[in-house]
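Chemist: Sharing input09.cif, mmCIF, N, CA and C atoms:
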data_coords
#
loop_
_atom_site.label_atom_id
_atom_site.label_comp_id
_atom_site.auth_asym_id
_atom_site.auth_seq_id
_atom_site.Cartn_x
_atom_site.Cartn_y
_atom_site.Cartn_z
N MET F 1 0.85 -1.17 0.00
CA MET F 1 0.00 0.00 0.00
C MET F 1 0.90 1.23 0.00
N THR F 2 0.54 2.19 -0.81
CA THR F 2 1.30 3.43 -0.87
C THR F 2 0.81 4.40 0.19
N CYS F 3 1.62 5.42 0.43
CA CYS F 3 1.24 6.42 1.43
C CYS F 3 -0.03 7.15 1.01
N LYS F 4 -0.17 7.40 -0.27
CA LYS F 4 -1.37 8.10 -0.75
C LYS F 4 -2.64 7.28 -0.48
N GLU F 5 -2.56 5.98 -0.75
CA GLU F 5 -3.70 5.11 -0.47
C GLU F 5 -4.01 5.06 1.02
N ALA F 6 -2.95 4.97 1.84
CA ALA F 6 -3.15 4.93 3.29
C ALA F 6 -3.77 6.22 3.80
N GLU F 7 -3.31 7.34 3.28
CA GLU F 7 -3.86 8.63 3.71
C GLU F 7 -5.33 8.76 3.32
N SER F 8 -5.72 8.16 2.22
CA SER F 8 -7.13 8.22 1.81
C SER F 8 -8.01 7.35 2.69
N LEU F 9 -7.41 6.40 3.43
CA LEU F 9 -8.17 5.51 4.30
C LEU F 9 -8.18 5.95 5.76
N VAL F 10 -7.47 7.02 6.08
CA VAL F 10 -7.38 7.47 7.48
C VAL F 10 -8.75 7.83 8.03
N ILE F 11 -9.48 8.70 7.35
CA ILE F 11 -10.80 9.14 7.84
C ILE F 11 -11.79 7.97 7.90
N PRO F 12 -11.90 7.14 6.84
CA PRO F 12 -12.81 5.99 6.97
C PRO F 12 -12.42 5.06 8.12
N TYR F 13 -11.12 4.90 8.38
CA TYR F 13 -10.71 4.05 9.49
C TYR F 13 -11.15 4.67 10.82
N ILE F 14 -10.91 5.94 10.99
CA ILE F 14 -11.25 6.61 12.25
C ILE F 14 -12.75 6.54 12.50
N ARG F 15 -13.53 6.69 11.46
CA ARG F 15 -15.00 6.68 11.58
C ARG F 15 -15.58 5.27 11.55
N HIS F 16 -14.71 4.26 11.54
CA HIS F 16 -15.12 2.85 11.51
C HIS F 16 -15.97 2.53 10.29
N GLU F 17 -15.61 3.11 9.17
CA GLU F 17 -16.31 2.88 7.90
C GLU F 17 -15.51 1.99 6.97
N LEU F 18 -14.36 1.52 7.42
CA LEU F 18 -13.49 0.69 6.60
C LEU F 18 -13.90 -0.77 6.80
N ASP F 19 -14.78 -1.28 5.93
CA ASP F 19 -15.37 -2.60 6.11
C ASP F 19 -14.55 -3.72 5.49
N ASP F 20 -13.79 -3.42 4.47
CA ASP F 20 -13.02 -4.45 3.78
C ASP F 20 -11.84 -4.87 4.67
N ASP F 21 -11.86 -6.12 5.12
CA ASP F 21 -10.84 -6.59 6.06
C ASP F 21 -9.44 -6.60 5.44
N MET F 22 -9.37 -6.92 4.16
CA MET F 22 -8.07 -6.94 3.49
C MET F 22 -7.47 -5.54 3.44
N ARG F 23 -8.30 -4.56 3.11
CA ARG F 23 -7.82 -3.17 3.08
C ARG F 23 -7.41 -2.72 4.47
N MET F 24 -8.17 -3.13 5.49
CA MET F 24 -7.83 -2.73 6.85
C MET F 24 -6.48 -3.33 7.26
N GLU F 25 -6.26 -4.58 6.90
CA GLU F 25 -4.99 -5.22 7.25
C GLU F 25 -3.83 -4.52 6.55
N GLU F 26 -3.99 -4.21 5.28
CA GLU F 26 -2.96 -3.49 4.54
C GLU F 26 -2.73 -2.11 5.16
N PHE F 27 -3.82 -1.44 5.54
CA PHE F 27 -3.73 -0.12 6.15
C PHE F 27 -2.97 -0.19 7.47
N LEU F 28 -3.32 -1.15 8.33
CA LEU F 28 -2.65 -1.27 9.62
C LEU F 28 -1.19 -1.63 9.47
N ASP F 29 -0.88 -2.50 8.53
CA ASP F 29 0.53 -2.85 8.27
C ASP F 29 1.31 -1.62 7.82
N HIS F 30 0.68 -0.82 6.96
CA HIS F 30 1.35 0.38 6.47
C HIS F 30 1.53 1.40 7.60
N ILE F 31 0.52 1.56 8.43
CA ILE F 31 0.60 2.51 9.55
C ILE F 31 1.70 2.08 10.52
N ASP F 32 1.87 0.78 10.71
CA ASP F 32 2.92 0.28 11.60
C ASP F 32 4.32 0.51 11.04
N SER F 33 4.43 0.54 9.72
CA SER F 33 5.76 0.64 9.11
C SER F 33 6.12 2.04 8.62
N CYS F 34 5.14 2.92 8.46
CA CYS F 34 5.40 4.26 7.91
C CYS F 34 5.13 5.32 8.98
N GLU F 35 6.18 5.97 9.40
CA GLU F 35 6.07 6.97 10.47
C GLU F 35 5.26 8.18 10.03
N ASN F 36 5.38 8.59 8.77
CA ASN F 36 4.64 9.76 8.27
C ASN F 36 3.14 9.51 8.26
N CYS F 37 2.75 8.34 7.82
CA CYS F 37 1.31 8.02 7.77
C CYS F 37 0.75 7.82 9.19
N ARG F 38 1.57 7.28 10.08
CA ARG F 38 1.12 7.14 11.47
C ARG F 38 0.91 8.51 12.10
N GLU F 39 1.80 9.42 11.80
CA GLU F 39 1.65 10.79 12.30
C GLU F 39 0.39 11.45 11.73
N GLU F 40 0.14 11.19 10.47
CA GLU F 40 -1.08 11.70 9.83
C GLU F 40 -2.32 11.14 10.52
N LEU F 41 -2.29 9.84 10.82
CA LEU F 41 -3.40 9.20 11.53
C LEU F 41 -3.58 9.84 12.91
N GLU F 42 -2.49 10.07 13.61
CA GLU F 42 -2.57 10.69 14.94
C GLU F 42 -3.21 12.07 14.88
N ILE F 43 -2.83 12.85 13.88
CA ILE F 43 -3.39 14.20 13.74
C ILE F 43 -4.89 14.14 13.50
N TYR F 44 -5.29 13.35 12.52
CA TYR F 44 -6.72 13.25 12.20
C TYR F 44 -7.50 12.62 13.35
N TYR F 45 -6.90 11.63 14.00
CA TYR F 45 -7.58 10.99 15.13
C TYR F 45 -7.78 11.98 16.27
N THR F 46 -6.78 12.80 16.52
CA THR F 46 -6.88 13.81 17.57
C THR F 46 -7.99 14.80 17.28
N VAL F 47 -8.07 15.25 16.03
CA VAL F 47 -9.11 16.20 15.64
C VAL F 47 -10.50 15.56 15.77
N GLU F 48 -10.65 14.35 15.21
CA GLU F 48 -11.95 13.67 15.26
C GLU F 48 -12.36 13.36 16.70
N ALA F 49 -11.42 12.87 17.50
CA ALA F 49 -11.75 12.54 18.89
C ALA F 49 -12.07 13.81 19.67
N GLY F 50 -11.35 14.89 19.41
CA GLY F 50 -11.64 16.15 20.08
C GLY F 50 -13.02 16.67 19.77
N ILE F 51 -13.41 16.57 18.52
CA ILE F 51 -14.75 17.01 18.12
C ILE F 51 -15.81 16.13 18.78
N ARG F 52 -15.59 14.80 18.77
CA ARG F 52 -16.54 13.90 19.42
C ARG F 52 -16.66 14.19 20.92
N GLN F 53 -15.54 14.48 21.55
CA GLN F 53 -15.57 14.75 22.99
C GLN F 53 -16.28 16.07 23.29
N LEU F 54 -16.09 17.04 22.42
CA LEU F 54 -16.81 18.31 22.62
C LEU F 54 -18.31 18.12 22.44
N ASP F 55 -18.68 17.30 21.46
CA ASP F 55 -20.10 17.05 21.22
C ASP F 55 -20.74 16.26 22.35
N SER F 56 -20.02 15.25 22.87
CA SER F 56 -20.60 14.41 23.90
C SER F 56 -20.27 14.90 25.31
N ASP F 57 -19.41 15.87 25.42
CA ASP F 57 -19.05 16.49 26.70
C ASP F 57 -18.41 15.49 27.66
N THR F 58 -17.53 14.61 27.11
CA THR F 58 -16.79 13.69 27.96
C THR F 58 -15.43 14.29 28.26
N GLY F 59 -14.80 13.84 29.33
CA GLY F 59 -13.54 14.44 29.76
C GLY F 59 -12.33 13.54 29.58
N ASN F 60 -12.33 12.64 28.62
CA ASN F 60 -11.20 11.77 28.38
C ASN F 60 -10.19 12.50 27.51
N TYR F 61 -8.99 12.75 28.05
CA TYR F 61 -8.00 13.51 27.31
C TYR F 61 -6.81 12.66 26.87
N ASN F 62 -6.91 11.37 26.99
CA ASN F 62 -5.86 10.47 26.54
C ASN F 62 -6.18 10.01 25.12
N ILE F 63 -6.11 10.93 24.20
CA ILE F 63 -6.51 10.65 22.82
C ILE F 63 -5.54 9.68 22.16
N LYS F 64 -4.24 9.87 22.40
CA LYS F 64 -3.26 8.95 21.80
C LYS F 64 -3.47 7.53 22.34
N GLY F 65 -3.75 7.40 23.63
CA GLY F 65 -4.03 6.08 24.20
C GLY F 65 -5.28 5.47 23.60
N ASP F 66 -6.30 6.31 23.35
CA ASP F 66 -7.52 5.82 22.70
C ASP F 66 -7.22 5.32 21.29
N MET F 67 -6.36 6.05 20.58
CA MET F 67 -6.00 5.64 19.23
C MET F 67 -5.26 4.31 19.25
N GLU F 68 -4.34 4.14 20.20
CA GLU F 68 -3.61 2.87 20.32
C GLU F 68 -4.56 1.73 20.65
N GLU F 69 -5.54 1.97 21.52
CA GLU F 69 -6.54 0.95 21.84
C GLU F 69 -7.38 0.61 20.62
N ASP F 70 -7.72 1.62 19.82
CA ASP F 70 -8.50 1.39 18.61
C ASP F 70 -7.70 0.56 17.61
N LEU F 71 -6.40 0.87 17.46
CA LEU F 71 -5.54 0.09 16.57
C LEU F 71 -5.44 -1.35 17.06
N LEU F 72 -5.30 -1.54 18.37
CA LEU F 72 -5.22 -2.88 18.93
C LEU F 72 -6.53 -3.64 18.73
N ALA F 73 -7.66 -2.96 18.92
CA ALA F 73 -8.96 -3.60 18.71
C ALA F 73 -9.12 -4.00 17.24
N SER F 74 -8.64 -3.19 16.34
CA SER F 74 -8.71 -3.53 14.91
C SER F 74 -7.87 -4.75 14.61
N ARG F 75 -6.68 -4.82 15.19
CA ARG F 75 -5.82 -5.98 14.99
C ARG F 75 -6.48 -7.25 15.56
N GLN F 76 -7.11 -7.11 16.73
CA GLN F 76 -7.78 -8.26 17.34
C GLN F 76 -8.95 -8.72 16.49
N LYS F 77 -9.67 -7.77 15.90
CA LYS F 77 -10.79 -8.12 15.03
C LYS F 77 -10.28 -8.90 13.82
N LEU F 78 -9.19 -8.42 13.22
CA LEU F 78 -8.61 -9.13 12.07
C LEU F 78 -8.12 -10.52 12.47
N TYR F 79 -7.53 -10.64 13.65
CA TYR F 79 -7.07 -11.94 14.13
C TYR F 79 -8.25 -12.90 14.30
N SER F 80 -9.34 -12.39 14.85
CA SER F 80 -10.53 -13.23 15.02
C SER F 80 -11.09 -13.68 13.68
N ILE F 81 -11.10 -12.79 12.72
CA ILE F 81 -11.58 -13.14 11.38
C ILE F 81 -10.70 -14.21 10.75
N HIS F 82 -9.38 -14.06 10.89
CA HIS F 82 -8.46 -15.06 10.35
C HIS F 82 -8.64 -16.40 11.07
N LEU F 83 -8.85 -16.36 12.36
CA LEU F 83 -9.06 -17.58 13.13
C LEU F 83 -10.34 -18.29 12.68
N LEU F 84 -11.40 -17.53 12.45
CA LEU F 84 -12.64 -18.12 11.96
C LEU F 84 -12.47 -18.70 10.56
N ASP F 85 -11.68 -18.03 9.72
CA ASP F 85 -11.40 -18.56 8.38
C ASP F 85 -10.68 -19.90 8.47
N VAL F 86 -9.70 -19.99 9.35
CA VAL F 86 -8.95 -21.25 9.51
C VAL F 86 -9.89 -22.35 10.01
N ALA F 87 -10.74 -22.01 10.96
CA ALA F 87 -11.70 -23.00 11.48
C ALA F 87 -12.65 -23.46 10.38
N ARG F 88 -13.09 -22.53 9.56
CA ARG F 88 -13.99 -22.89 8.46
C ARG F 88 -13.29 -23.81 7.46
N TYR F 89 -12.04 -23.49 7.11
CA TYR F 89 -11.29 -24.34 6.19
C TYR F 89 -11.07 -25.72 6.78
N ALA F 90 -10.79 -25.78 8.08
CA ALA F 90 -10.60 -27.07 8.74
C ALA F 90 -11.89 -27.88 8.71
N ALA F 91 -13.01 -27.23 9.00
CA ALA F 91 -14.30 -27.92 8.97
C ALA F 91 -14.62 -28.41 7.56
N ASP F 92 -14.35 -27.59 6.56
CA ASP F 92 -14.59 -28.01 5.17
C ASP F 92 -13.72 -29.20 4.80
N THR F 93 -12.47 -29.18 5.22
CA THR F 93 -11.55 -30.28 4.93
C THR F 93 -12.03 -31.56 5.60
N LEU F 94 -12.42 -31.47 6.87
CA LEU F 94 -12.94 -32.65 7.57
C LEU F 94 -14.20 -33.18 6.91
N LEU F 95 -15.04 -32.31 6.42
CA LEU F 95 -16.26 -32.73 5.74
C LEU F 95 -15.94 -33.50 4.46
N VAL F 96 -15.01 -33.00 3.68
CA VAL F 96 -14.63 -33.68 2.44
C VAL F 96 -14.00 -35.04 2.75
N ILE F 97 -13.13 -35.08 3.75
CA ILE F 97 -12.49 -36.35 4.12
C ILE F 97 -13.53 -37.35 4.60
N SER F 98 -14.47 -36.91 5.43
CA SER F 98 -15.50 -37.83 5.94
C SER F 98 -16.39 -38.33 4.80
N MET F 99 -16.70 -37.48 3.83
CA MET F 99 -17.49 -37.92 2.68
C MET F 99 -16.72 -38.96 1.87
N ALA F 100 -15.42 -38.76 1.70
CA ALA F 100 -14.60 -39.73 0.95
C ALA F 100 -14.55 -41.06 1.69
N VAL F 101 -14.41 -41.04 3.01
CA VAL F 101 -14.37 -42.28 3.79
C VAL F 101 -15.72 -42.99 3.71
N MET F 102 -16.82 -42.23 3.81
CA MET F 102 -18.15 -42.85 3.71
C MET F 102 -18.36 -43.48 2.34
N LEU F 103 -17.91 -42.82 1.30
CA LEU F 103 -18.03 -43.38 -0.04
C LEU F 103 -17.20 -44.66 -0.17
N ALA F 104 -16.00 -44.65 0.37
CA ALA F 104 -15.14 -45.84 0.31
C ALA F 104 -15.78 -47.00 1.07
N LEU F 105 -16.35 -46.71 2.24
CA LEU F 105 -17.01 -47.77 3.01
C LEU F 105 -18.25 -48.30 2.28
N GLN F 106 -19.00 -47.43 1.66
CA GLN F 106 -20.19 -47.86 0.92
C GLN F 106 -19.78 -48.72 -0.28
N MET F 107 -18.70 -48.31 -0.95
CA MET F 107 -18.24 -49.11 -2.08
C MET F 107 -17.77 -50.49 -1.62
N ARG F 108 -17.17 -50.55 -0.43
CA ARG F 108 -16.75 -51.85 0.13
C ARG F 108 -17.96 -52.73 0.40
N ILE F 109 -19.04 -52.14 0.95
CA ILE F 109 -20.27 -52.90 1.20
C ILE F 109 -20.84 -53.41 -0.12
N TRP F 110 -20.88 -52.56 -1.12
CA TRP F 110 -21.39 -52.97 -2.42
C TRP F 110 -20.53 -54.08 -3.02
N TRP F 111 -19.22 -53.98 -2.84
CA TRP F 111 -18.29 -54.98 -3.37
C TRP F 111 -18.54 -56.34 -2.71
N GLN F 112 -18.76 -56.31 -1.38
CA GLN F 112 -18.99 -57.55 -0.64
C GLN F 112 -20.34 -58.18 -1.03
N GLN F 113 -21.31 -57.37 -1.38
CA GLN F 113 -22.61 -57.90 -1.78
C GLN F 113 -22.66 -58.27 -3.25
N GLY F 114 -21.61 -57.99 -3.96
CA GLY F 114 -21.53 -58.34 -5.37
C GLY F 114 -22.27 -57.38 -6.29
N ILE F 115 -22.64 -56.24 -5.77
CA ILE F 115 -23.34 -55.25 -6.59
C ILE F 115 -22.35 -54.49 -7.47
N PHE F 116 -21.17 -54.33 -6.99
CA PHE F 116 -20.20 -53.50 -7.70
C PHE F 116 -19.04 -54.27 -8.19
#
Represent the structure from my file as structure tokens, please.
Modeler:
Amino acid sequence: MTCKEAESLVIPYIRHELDDDMRMEEFLDHIDSCENCREELEIYYTVEAGIRQLDSDTGNYNIKGDMEEDLLASRQKLYSIHLLDVARYAADTLLVISMAVMLALQMRIWWQQGIF
């Protein structure tokens, strides 16, 4: 991902509008590796969080800590999605293997009965 692409995703990420998990993973990887884009994220996050706090009249002033928690929550969400994907692939694999074993056993029964 280029810096320009990452910068275009900063606002959607902050507003939790970035639904594509692949794009989010690329964005987070880029933010972790590019200091300029991370600084850009911090600036926009500070502005957005400040506006939200003024609107809701909350007194939380640890905006950078909130941003780090949000980044961690995004990483955890991606990890959960990957874990579910692995579980789904494992279940699909077990299903195919069990169907193959059932077919082999049925063919053995047919063979013993002289049908096949």
Chemist: Pick from F:Leu72, F:His16, F:Glu7, F:Met22: nearest to Glu40 in chain F, with only N, CA and C atoms counted?
Modeler: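 For Glu40 in chain F, the nearest of the candidates is F:Glu7.
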Chemist: What's the separation between atom C of Val101 in chain F and CA of Asp85 in chain F, in Å to one decimal place?
Modeler: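 Separation of atom C of Val101 in chain F and CA of Asp85 in chain F: 25.2 Å.
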Chemist: Tell me, in Å to one decimal, how far CA of Phe27 in chain F is from CA of Val10 in chain F.
Modeler: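 Those two atoms sit 8.5 Å apart.
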Chemist: Return as a PDB file with N, CA and C atoms, keeping the file's coordinate frame the set of residues that the PyMOL selection byres ((chain F and resi 65-71) around 8) yields on the displayed structure.
Modeler:
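Saved file selection.pdb follows:
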ATOM      1  N   LEU F  28      -3.320  -1.150   8.330  1.00  0.00           N
ATOM      2  CA  LEU F  28      -2.650  -1.270   9.620  1.00  0.00           C
ATOM      3  C   LEU F  28      -1.190  -1.630   9.470  1.00  0.00           C
ATOM      4  N   LEU F  41      -2.290   9.840  10.820  1.00  0.00           N
ATOM      5  CA  LEU F  41      -3.400   9.200  11.530  1.00  0.00           C
ATOM      6  C   LEU F  41      -3.580   9.840  12.910  1.00  0.00           C
ATOM      7  N   GLU F  42      -2.490  10.070  13.610  1.00  0.00           N
ATOM      8  CA  GLU F  42      -2.570  10.690  14.940  1.00  0.00           C
ATOM      9  C   GLU F  42      -3.210  12.070  14.880  1.00  0.00           C
ATOM     10  N   TYR F  45      -6.900  11.630  14.000  1.00  0.00           N
ATOM     11  CA  TYR F  45      -7.580  10.990  15.130  1.00  0.00           C
ATOM     12  C   TYR F  45      -7.780  11.980  16.270  1.00  0.00           C
ATOM     13  N   THR F  46      -6.780  12.800  16.520  1.00  0.00           N
ATOM     14  CA  THR F  46      -6.880  13.810  17.570  1.00  0.00           C
ATOM     15  C   THR F  46      -7.990  14.800  17.280  1.00  0.00           C
ATOM     16  N   TYR F  61      -8.990  12.750  28.050  1.00  0.00           N
ATOM     17  CA  TYR F  61      -8.000  13.510  27.310  1.00  0.00           C
ATOM     18  C   TYR F  61      -6.810  12.660  26.870  1.00  0.00           C
ATOM     19  N   ASN F  62      -6.910  11.370  26.990  1.00  0.00           N
ATOM     20  CA  ASN F  62      -5.860  10.470  26.540  1.00  0.00           C
ATOM     21  C   ASN F  62      -6.180  10.010  25.120  1.00  0.00           C
ATOM     22  N   ILE F  63      -6.110  10.930  24.200  1.00  0.00           N
ATOM     23  CA  ILE F  63      -6.510  10.650  22.820  1.00  0.00           C
ATOM     24  C   ILE F  63      -5.540   9.680  22.160  1.00  0.00           C
ATOM     25  N   LYS F  64      -4.240   9.870  22.400  1.00  0.00           N
ATOM     26  CA  LYS F  64      -3.260   8.950  21.800  1.00  0.00           C
ATOM     27  C   LYS F  64      -3.470   7.530  22.340  1.00  0.00           C
ATOM     28  N   LEU F  72      -5.300  -1.540  18.370  1.00  0.00           N
ATOM     29  CA  LEU F  72      -5.220  -2.880  18.930  1.00  0.00           C
ATOM     30  C   LEU F  72      -6.530  -3.640  18.730  1.00  0.00           C
ATOM     31  N   ALA F  73      -7.660  -2.960  18.920  1.00  0.00           N
ATOM     32  CA  ALA F  73      -8.960  -3.600  18.710  1.00  0.00           C
ATOM     33  C   ALA F  73      -9.120  -4.000  17.240  1.00  0.00           C
ATOM     34  N   SER F  74      -8.640  -3.190  16.340  1.00  0.00           N
ATOM     35  CA  SER F  74      -8.710  -3.530  14.910  1.00  0.00           C
ATOM     36  C   SER F  74      -7.870  -4.750  14.610  1.00  0.00           C
ATOM     37  N   ARG F  75      -6.680  -4.820  15.190  1.00  0.00           N
ATOM     38  CA  ARG F  75      -5.820  -5.980  14.990  1.00  0.00           C
ATOM     39  C   ARG F  75      -6.480  -7.250  15.560  1.00  0.00           C
ATOM     40  N   GLN F  76      -7.110  -7.110  16.730  1.00  0.00           N
ATOM     41  CA  GLN F  76      -7.780  -8.260  17.340  1.00  0.00           C
ATOM     42  C   GLN F  76      -8.950  -8.720  16.490  1.00  0.00           C
ATOM     43  N   LYS F  77      -9.670  -7.770  15.900  1.00  0.00           N
ATOM     44  CA  LYS F  77     -10.790  -8.120  15.030  1.00  0.00           C
ATOM     45  C   LYS F  77     -10.280  -8.900  13.820  1.00  0.00           C
TER      46      LYS F  77
END
Chemist: What is the CA of Ala104 in chain F to CA of Phe116 in chain F distance in Å?
Modeler: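 Separating CA of Ala104 in chain F from CA of Phe116 in chain F is a distance of 12.2 Å.
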